[in-house]
Amino acid sequence: MDSEGWASGRLAGSPGGDEALARRLKALACTAPLHDLDARKNRLDWADASVYQMAEIGLQAIDQVTIAMDFDHGASHDQVVTRLLPFIAAQAPDRSQNEHERVARWVLECLINVGSLDRGFRAVYGVFGADGGYLRRTFDFKLLVELVSPDGEVYLRTSDEAINVLVGALDTDVESAQIAAEVKLENLIKRGRLSDAQVAAEQARYRTVQYAEALRRKLEATRRDVRAVDWLNEVPDLIAEALAHIAARYKAENAILANITQARDEAEEPDRKRRAAHLVELVRDCIRRHTQLQARLQTAGQTFRTEQDRQQFAGTPQRATVDLFGQLLVPLLRLPAGQATVPTAVFFRAAAGTTQPTAVRLTSLVDMLLTPPRARDPLGEPVPEPELAPLPDPDRFSAQLWDHADELLELTDVPRRLSGLLAQARSIDSDLPHLVALRALHAVSPEIGVAVRQGDHALLVAVDDGTTLADPQFGGADLLVGVATLNNAPTASPAEPKPHPAEATPV
Amino acid sequence: MNEAIHTADAADAARLIALGLRPKQLPARDLIYADLVRRYQQDPVFADLVEAVAAGLGLAVLAVTTRSGAVLAAMSDSLFEVKIDEYARRVNLRDRNVEKVLHGLIHLAVAALCFPRPDDLADDTYVGRVSVDQVDQVVREACRMLEEAAAAAEENPDPLHDAPTLEQVWRVYARRPSAAATKDGRLAADTTRGMITKALRFLTDQGFLHTAGDEGGGTFRTTPRYQVQVRELAAEQAFDELLALGVVAGGSPTGSLLRTATEDRDV
């Protein structure tokens with residue numbers, strides 16, 4: 001632009017001046033919702049909100065969402081609210097937690113701009129057109145965006161505008177900015193300036209998030225639209241680049257991690273130690289994000305191959321038809337909204353099929369109108385409470401067998417050999433030996449403590465004294481089976497000493 | 001016409017049209033319907049009669065086959081027409097036009113996703129699958145590509161403040177949130193996903209889609225009726241409208257969603 005006519009040049013739409021101006025106006029507009037928070041807080045009728053620094057809470061909210069953003073999720077509303085609570089509580093410790101939560105939700109809703117149709121913000125700015133005329137344009141932007149996860153939950157992500165508001169001037173080449181930040185970080189740590197190092201590390205993390213976000217978009221595009229993406233050069237290059245990036249970052253971050261961990265362990269001041277510890281966490285988070293990114297990159301190729309298999313089997317066209325996507329959808333998207341009304345309405349009318357008009361017959365209408373309304377319980381029929389009873393255990397042994405076994409095992413002071421018991425049982429019923437053997441086995445080292453607590457007076461006890469069992473059906477040790485009397489009420493009836501202590505063994 | 005038309009023939013013709021107006025009735029499940037379809041296919045006099053009766057009602061016969069039944073389309077201002085104004089009923093009158101454009105666009109996107117290649121639209125045996133997620137993601141992806149193209153062309157995409165109708169459709173769509181949390185946990189109706197769900201449910205009620213599952217926010221299969229409707233009428237008419245607006249987009253037999261085969265070979 002020549003020096004004499006800068007003013008007229010500007011009016012005539014000098015691209016440099018106008019663009020910079022428009023950029024600054026847009027940047028300014030992005031901060032407006034945050035200022036609005038403080039301007040509107042006094043109008044809240046549910047609390048005296050003047051103690052809260054709303055813009056600060058808003059920035060914290062954007063911060064929290066950004067940090068929670070990873071490869072395919074962001075933070076849910078509740079998560080963000082929970083994370084905001086400590087910051088809000090610090091501003092007004094004497095208010096109730098209920099109010100804090102309400103403030104958090106209010107800030108969050110304002111940042112999403114829940115009331116508007118597009119859930120976003122709009123600013124008007126002026127530019128000079130090519131003919132020097134002044135044009136008002138609208139700039140639409142969002143700070144927090146709501147998205148749906150594959151399982152149908154709504155979660156939040158920060159928009160690019162919000163990231164730019166949050167950590168200014170991030171709109172640079174991600175890769176080079178990242179390297180610069182890492183070098184800076186390394187230097188700072190070497191020189192022991194932890195507070196600066198923390199700032200640099202935080203910035204590095206935001207860049208990491210931004211990088212992952214850029215890659216996520218490309219990969220997502222690839223996954224849903226294989227045929228529109230250049231898989232010969234573009235995507236393989238991208239994946240290779242990303243993998244190289246991850247490899248480099250791993251190396252750098254692990255080196256930094258070792259450095260800071262050392263700094264943390266050697267630090268003596270508590271504040272310095274705390275900062276170093278925070279830095280360690282920060283860098284670990286970065287490494288975690290890289291791991292996630294790498295996993296995604298590895299599955300990308302496979303996604304492409306399966307999609308290709310699915311989509312490649314198509315014969316040649318059999319008749320001339322319209323290419324719905326390329327010839328209708330994309331041209332329509334390019335049209336101004338005003339012009340698109342007719343074609344979209346035409347397509348809708350033709351594709352929506354037919355409707356059945358209701359034809360009124362007077363007699364049915366009269367009947368319908370005269371029918372008294374049916375009284376309807378808004379809650380519907382009462383739901384009968386099902387009686388849930390556990391199924392009875394299928395009994396392996398009949399009650400009669402149990403009775404027999406009880407009789408057999410009602411032993412006196414003298415213990416009996418299992419072999420004898422089994423022989424006697426066999427004479428009563430062919431199935432009884434099984435039950436007796438099982439009960440005898442159950443009686444080997446029984447839970448005396450439980451029996452005492454239950455208030456049992458006697459307990460079946462079986463002891464192995466080394467004798468081998470000689471039986472046609474069973475093998476093992478010929479147990480000595482006896483009954484131990486339990487002295488189970490030392491506190492309830494201390495005056496009545498039992499002959500055997502609780503730890504009694506068969507005599 | 002040599003053969004005389006009897007009153008009974010007229011009744012049969014009207015019955016075939018009445019059956020065609022019930023989208024869920026199929027010849028395969030109804031003997032009388034199947035008979036009438038066969039008669040339409042084999043008796044040109046009867047076919048003419050059916051078409052004449054339909055024309056009188058303000059309907060066009062798009063196809064009569066055993067797979068699809070009688071597929072009818074409402075001509076403009078017909079009694080049987082589904083009006084977009086009624087479909088896109090909203091309280092806010094100011095945005096009504098934009099709302100209508102978005103609804104129409106979403107219907108077009110659903111069709112484009114059901115039949116991604118021209119081939120799929122032409123192949124009578126093709127059954128398309130579509131889900132809420134797919135539609136939203138593909139349209140957003142198309143918007144993103146248009147945005148990139150606009151950025152590459154160094155255009156200022158921001159619309160003029162006093163002429164909002166000059167704003168390009170892709171910007172309107174891209175600006176609209178895909179989902180929004182509501183107090184009762186349901187899908188917000190004015191988000192794009194809400195609108196897509198509405199479109200897919202509507203098409204299911206019209207007998208054009210079948211529900212096929214819940215994955216991807218709801219998955220649907222196409223019916224032969226939908227294919228006929230889109231191929232024989234909707235796509236042609238919308239294409240003509242675009243031509244009238246001077247928008248001409250060239251097509252390739254493989255479709256614009258597809259890359260050329262030579263490039264794929266080496267991958």
# chains A, B, ... in the order shown; residues from 1 in each chain; ligands from 1

call {"tool": "residues_around", "arguments": {"residues": "segment 31-38 of chain B", "least_positions_apart": "3", "cutoff": "12 Å", "atoms": "only C-alpha atoms", "output": "mmCIF file with C-alpha atoms, in the first residue's frame"}}
result
data_model
loop_
_atom_site.group_PDB
_atom_site.id
_atom_site.type_symbol
_atom_site.label_atom_id
_atom_site.label_comp_id
_atom_site.auth_asym_id
_atom_site.auth_seq_id
_atom_site.Cartn_x
_atom_site.Cartn_y
_atom_site.Cartn_z
ATOM 1 C CA ASP B 9 -62.620 -52.910 -13.262
ATOM 2 C CA ALA B 10 -62.816 -49.357 -11.974
ATOM 3 C CA ALA B 11 -63.435 -50.688 -8.484
ATOM 4 C CA ASP B 12 -60.396 -52.963 -8.805
ATOM 5 C CA ALA B 13 -58.252 -50.101 -10.041
ATOM 6 C CA ALA B 14 -59.339 -47.953 -7.117
ATOM 7 C CA ARG B 15 -58.682 -50.855 -4.751
ATOM 8 C CA LEU B 16 -55.134 -51.210 -6.015
ATOM 9 C CA ILE B 17 -54.595 -47.497 -5.395
ATOM 10 C CA ALA B 18 -56.150 -47.754 -1.957
ATOM 11 C CA LEU B 19 -53.757 -50.603 -1.134
ATOM 12 C CA GLY B 20 -50.869 -48.549 -2.458
ATOM 13 C CA ARG B 22 -51.298 -48.089 2.846
ATOM 14 C CA GLN B 25 -49.465 -53.455 3.057
ATOM 15 C CA LEU B 26 -47.440 -55.723 0.771
ATOM 16 C CA PRO B 27 -48.523 -58.020 -2.119
ATOM 17 C CA ALA B 28 -46.560 -60.829 -0.533
ATOM 18 C CA GLN B 41 -48.479 -55.956 -15.006
ATOM 19 C CA GLN B 42 -50.224 -58.173 -17.540
ATOM 20 C CA ASP B 43 -53.247 -56.158 -18.637
ATOM 21 C CA PRO B 44 -52.308 -52.829 -20.237
ATOM 22 C CA PHE B 46 -56.191 -52.205 -16.563
ATOM 23 C CA ALA B 47 -52.858 -50.455 -16.076
ATOM 24 C CA VAL B 50 -55.264 -47.498 -12.669
ATOM 25 C CA ALA B 63 -44.148 -48.530 -9.949
ATOM 26 C CA VAL B 64 -46.296 -51.573 -9.375
ATOM 27 C CA THR B 65 -44.273 -54.658 -8.574
ATOM 28 C CA THR B 66 -44.683 -57.656 -6.323
ATOM 29 C CA ARG B 67 -41.736 -56.546 -4.214
ATOM 30 C CA SER B 68 -42.785 -52.973 -3.631
ATOM 31 C CA GLY B 69 -46.521 -53.055 -4.178
ATOM 32 C CA ALA B 70 -48.098 -50.035 -5.801
ATOM 33 C CA VAL B 71 -45.795 -47.075 -5.185
#

call {"tool": "residues_around", "arguments": {"residues": "segment 210-217 of chain B", "least_positions_apart": "4", "cutoff": "10 Å", "atoms": "only C-alpha atoms", "output": "mmCIF file with C-alpha atoms, in the first residue's frame"}}
result
data_model
loop_
_atom_site.group_PDB
_atom_site.id
_atom_site.type_symbol
_atom_site.label_atom_id
_atom_site.label_comp_id
_atom_site.auth_asym_id
_atom_site.auth_seq_id
_atom_site.Cartn_x
_atom_site.Cartn_y
_atom_site.Cartn_z
ATOM 1 C CA VAL A 148 -22.892 -37.632 21.411
ATOM 2 C CA SER A 149 -20.627 -40.517 22.302
ATOM 3 C CA PRO A 150 -21.182 -43.921 20.667
ATOM 4 C CA ASP A 151 -23.142 -45.050 23.724
ATOM 5 C CA GLY A 152 -25.551 -42.157 23.396
ATOM 6 C CA ARG B 129 -28.577 -49.368 5.658
ATOM 7 C CA VAL B 130 -28.495 -46.057 7.397
ATOM 8 C CA SER B 131 -28.073 -44.827 10.959
ATOM 9 C CA VAL B 132 -28.538 -41.505 12.704
ATOM 10 C CA ASP B 133 -24.806 -41.267 13.374
ATOM 11 C CA GLN B 134 -23.919 -41.916 9.757
ATOM 12 C CA VAL B 135 -26.190 -39.261 8.348
ATOM 13 C CA ARG B 193 -29.487 -35.610 15.381
ATOM 14 C CA ILE B 196 -32.439 -36.939 11.576
ATOM 15 C CA THR B 197 -34.153 -39.218 14.070
ATOM 16 C CA LEU B 200 -35.914 -41.737 9.915
ATOM 17 C CA ARG B 201 -38.926 -42.443 12.135
ATOM 18 C CA LEU B 203 -39.853 -42.679 6.782
ATOM 19 C CA THR B 204 -40.364 -45.841 8.814
ATOM 20 C CA ASP B 205 -43.993 -44.877 9.375
ATOM 21 C CA GLN B 206 -44.313 -44.279 5.647
ATOM 22 C CA ARG B 221 -32.939 -50.753 6.349
ATOM 23 C CA THR B 222 -34.493 -49.492 3.149
ATOM 24 C CA THR B 223 -37.533 -51.042 1.510
#

call {"tool": "residues_around", "arguments": {"residues": "segment 253-265 of chain A", "least_positions_apart": "3", "cutoff": "6 Å", "atoms": "only C-alpha atoms", "output": "VMD selection string"}}
result
chain A and resid 249 to 250 273 276 to 277

call {"tool": "write_last_selection", "arguments": {"atoms": "N, CA and C atoms", "output": "mmCIF file, in the first residue's frame"}}
result
data_model
loop_
_atom_site.group_PDB
_atom_site.id
_atom_site.type_symbol
_atom_site.label_atom_id
_atom_site.label_comp_id
_atom_site.auth_asym_id
_atom_site.auth_seq_id
_atom_site.Cartn_x
_atom_site.Cartn_y
_atom_site.Cartn_z
ATOM 1 N N ARG A 249 8.054 -37.496 20.655
ATOM 2 C CA ARG A 249 7.517 -36.969 21.907
ATOM 3 C C ARG A 249 7.766 -37.926 23.063
ATOM 4 N N TYR A 250 7.636 -39.232 22.762
ATOM 5 C CA TYR A 250 7.908 -40.223 23.802
ATOM 6 C C TYR A 250 9.298 -40.020 24.356
ATOM 7 N N LYS A 273 8.687 -28.859 45.776
ATOM 8 C CA LYS A 273 8.408 -30.289 45.664
ATOM 9 C C LYS A 273 7.019 -30.485 45.062
ATOM 10 N N ALA A 276 7.000 -29.651 41.379
ATOM 11 C CA ALA A 276 7.663 -30.698 40.602
ATOM 12 C C ALA A 276 6.729 -31.899 40.475
ATOM 13 N N ALA A 277 6.038 -32.221 41.573
ATOM 14 C CA ALA A 277 5.120 -33.361 41.539
ATOM 15 C C ALA A 277 4.003 -33.111 40.545
#

call {"tool": "closest_residue", "arguments": {"among": "B:His6, B:Lys183, B:Arg231, B:Arg39", "to": "chain A", "atoms": "only C-alpha atoms"}}
result
B:Arg231

call {"tool": "residues_around", "arguments": {"residues": "His434 of chain A", "least_positions_apart": "3", "cutoff": "10 Å", "atoms": "only C-alpha atoms", "output": "PyMOL selection string"}}
result
chain A and resi 397+405+422+425-426+430-431+437-440+473-474

call {"tool": "closest_residue", "arguments": {"among": "A:Asp140, A:Glu407, A:Asp285, A:Glu385", "to": "Val436 of chain A", "atoms": "only C-alpha atoms"}}
result
A:Glu407

call {"tool": "select_by_dssp", "arguments": {"residues": "segment 3-239 of chain B", "states": "strand (DSSP E)", "output": "ChimeraX atom specification"}}
result
/B:59-65,69-74,129-131,209-213,219-222

call {"tool": "decode", "arguments": {"residues": "segment 39-68 of chain B", "atoms": "N, CA and C atoms", "output": "mmCIF file, in the first residue's frame"}}
result
data_model
loop_
_atom_site.group_PDB
_atom_site.id
_atom_site.type_symbol
_atom_site.label_atom_id
_atom_site.label_comp_id
_atom_site.auth_asym_id
_atom_site.auth_seq_id
_atom_site.Cartn_x
_atom_site.Cartn_y
_atom_site.Cartn_z
ATOM 1 N N ARG B 39 -52.360 -58.299 -12.349
ATOM 2 C CA ARG B 39 -53.249 -57.816 -13.398
ATOM 3 C C ARG B 39 -52.725 -56.518 -14.001
ATOM 4 N N TYR B 40 -52.193 -55.657 -13.134
ATOM 5 C CA TYR B 40 -51.620 -54.398 -13.609
ATOM 6 C C TYR B 40 -50.470 -54.682 -14.567
ATOM 7 N N GLN B 41 -49.663 -55.681 -14.192
ATOM 8 C CA GLN B 41 -48.479 -55.956 -15.006
ATOM 9 C C GLN B 41 -48.844 -56.613 -16.334
ATOM 10 N N GLN B 42 -49.930 -57.388 -16.338
ATOM 11 C CA GLN B 42 -50.224 -58.173 -17.540
ATOM 12 C C GLN B 42 -51.293 -57.550 -18.434
ATOM 13 N N ASP B 43 -52.118 -56.691 -17.878
ATOM 14 C CA ASP B 43 -53.247 -56.158 -18.637
ATOM 15 C C ASP B 43 -53.054 -54.659 -18.837
ATOM 16 N N PRO B 44 -52.591 -54.249 -20.022
ATOM 17 C CA PRO B 44 -52.308 -52.829 -20.237
ATOM 18 C C PRO B 44 -53.550 -51.953 -20.092
ATOM 19 N N VAL B 45 -54.720 -52.500 -20.420
ATOM 20 C CA VAL B 45 -55.936 -51.695 -20.278
ATOM 21 C C VAL B 45 -56.185 -51.379 -18.814
ATOM 22 N N PHE B 46 -56.012 -52.403 -18.005
ATOM 23 C CA PHE B 46 -56.191 -52.205 -16.563
ATOM 24 C C PHE B 46 -55.146 -51.220 -16.032
ATOM 25 N N ALA B 47 -53.923 -51.356 -16.519
ATOM 26 C CA ALA B 47 -52.858 -50.455 -16.076
ATOM 27 C C ALA B 47 -53.217 -49.007 -16.409
ATOM 28 N N ASP B 48 -53.704 -48.800 -17.618
ATOM 29 C CA ASP B 48 -54.114 -47.445 -17.996
ATOM 30 C C ASP B 48 -55.201 -46.926 -17.076
ATOM 31 N N LEU B 49 -56.143 -47.819 -16.783
ATOM 32 C CA LEU B 49 -57.256 -47.430 -15.919
ATOM 33 C C LEU B 49 -56.753 -47.007 -14.542
ATOM 34 N N VAL B 50 -55.830 -47.820 -13.989
ATOM 35 C CA VAL B 50 -55.264 -47.498 -12.669
ATOM 36 C C VAL B 50 -54.603 -46.125 -12.716
ATOM 37 N N GLU B 51 -53.835 -45.898 -13.755
ATOM 38 C CA GLU B 51 -53.129 -44.626 -13.839
ATOM 39 C C GLU B 51 -54.095 -43.452 -13.975
ATOM 40 N N ALA B 52 -55.172 -43.697 -14.724
ATOM 41 C CA ALA B 52 -56.152 -42.622 -14.888
ATOM 42 C C ALA B 52 -56.835 -42.303 -13.565
ATOM 43 N N VAL B 53 -57.216 -43.344 -12.844
ATOM 44 C CA VAL B 53 -57.872 -43.111 -11.550
ATOM 45 C C VAL B 53 -56.920 -42.377 -10.617
ATOM 46 N N ALA B 54 -55.650 -42.810 -10.613
ATOM 47 C CA ALA B 54 -54.659 -42.175 -9.751
ATOM 48 C C ALA B 54 -54.497 -40.709 -10.124
ATOM 49 N N ALA B 55 -54.410 -40.448 -11.427
ATOM 50 C CA ALA B 55 -54.222 -39.073 -11.866
ATOM 51 C C ALA B 55 -55.389 -38.208 -11.400
ATOM 52 N N GLY B 56 -56.585 -38.792 -11.433
ATOM 53 C CA GLY B 56 -57.746 -38.046 -10.979
ATOM 54 C C GLY B 56 -57.666 -37.689 -9.512
ATOM 55 N N LEU B 57 -57.013 -38.549 -8.744
ATOM 56 C CA LEU B 57 -56.877 -38.293 -7.312
ATOM 57 C C LEU B 57 -55.677 -37.380 -7.012
ATOM 58 N N GLY B 58 -54.911 -37.062 -8.030
ATOM 59 C CA GLY B 58 -53.701 -36.273 -7.793
ATOM 60 C C GLY B 58 -52.523 -37.134 -7.398
ATOM 61 N N LEU B 59 -52.513 -38.358 -7.919
ATOM 62 C CA LEU B 59 -51.419 -39.269 -7.586
ATOM 63 C C LEU B 59 -50.739 -39.730 -8.865
ATOM 64 N N ALA B 60 -49.461 -40.026 -8.763
ATOM 65 C CA ALA B 60 -48.749 -40.613 -9.888
ATOM 66 C C ALA B 60 -48.356 -42.029 -9.508
ATOM 67 N N VAL B 61 -48.506 -42.961 -10.447
ATOM 68 C CA VAL B 61 -48.088 -44.346 -10.174
ATOM 69 C C VAL B 61 -46.625 -44.452 -10.562
ATOM 70 N N LEU B 62 -45.775 -44.676 -9.583
ATOM 71 C CA LEU B 62 -44.339 -44.754 -9.872
ATOM 72 C C LEU B 62 -43.931 -46.157 -10.283
ATOM 73 N N ALA B 63 -44.484 -47.146 -9.621
ATOM 74 C CA ALA B 63 -44.148 -48.530 -9.949
ATOM 75 C C ALA B 63 -45.187 -49.428 -9.316
ATOM 76 N N VAL B 64 -45.451 -50.551 -9.982
ATOM 77 C CA VAL B 64 -46.296 -51.573 -9.375
ATOM 78 C C VAL B 64 -45.574 -52.895 -9.561
ATOM 79 N N THR B 65 -44.988 -53.383 -8.504
ATOM 80 C CA THR B 65 -44.273 -54.658 -8.574
ATOM 81 C C THR B 65 -44.665 -55.493 -7.373
ATOM 82 N N THR B 66 -44.348 -56.790 -7.452
ATOM 83 C CA THR B 66 -44.683 -57.656 -6.323
ATOM 84 C C THR B 66 -43.817 -57.350 -5.123
ATOM 85 N N ARG B 67 -42.613 -56.833 -5.348
ATOM 86 C CA ARG B 67 -41.736 -56.546 -4.214
ATOM 87 C C ARG B 67 -42.173 -55.278 -3.495
ATOM 88 N N SER B 68 -42.521 -54.266 -4.268
ATOM 89 C CA SER B 68 -42.785 -52.973 -3.631
ATOM 90 C C SER B 68 -44.269 -52.679 -3.473
#
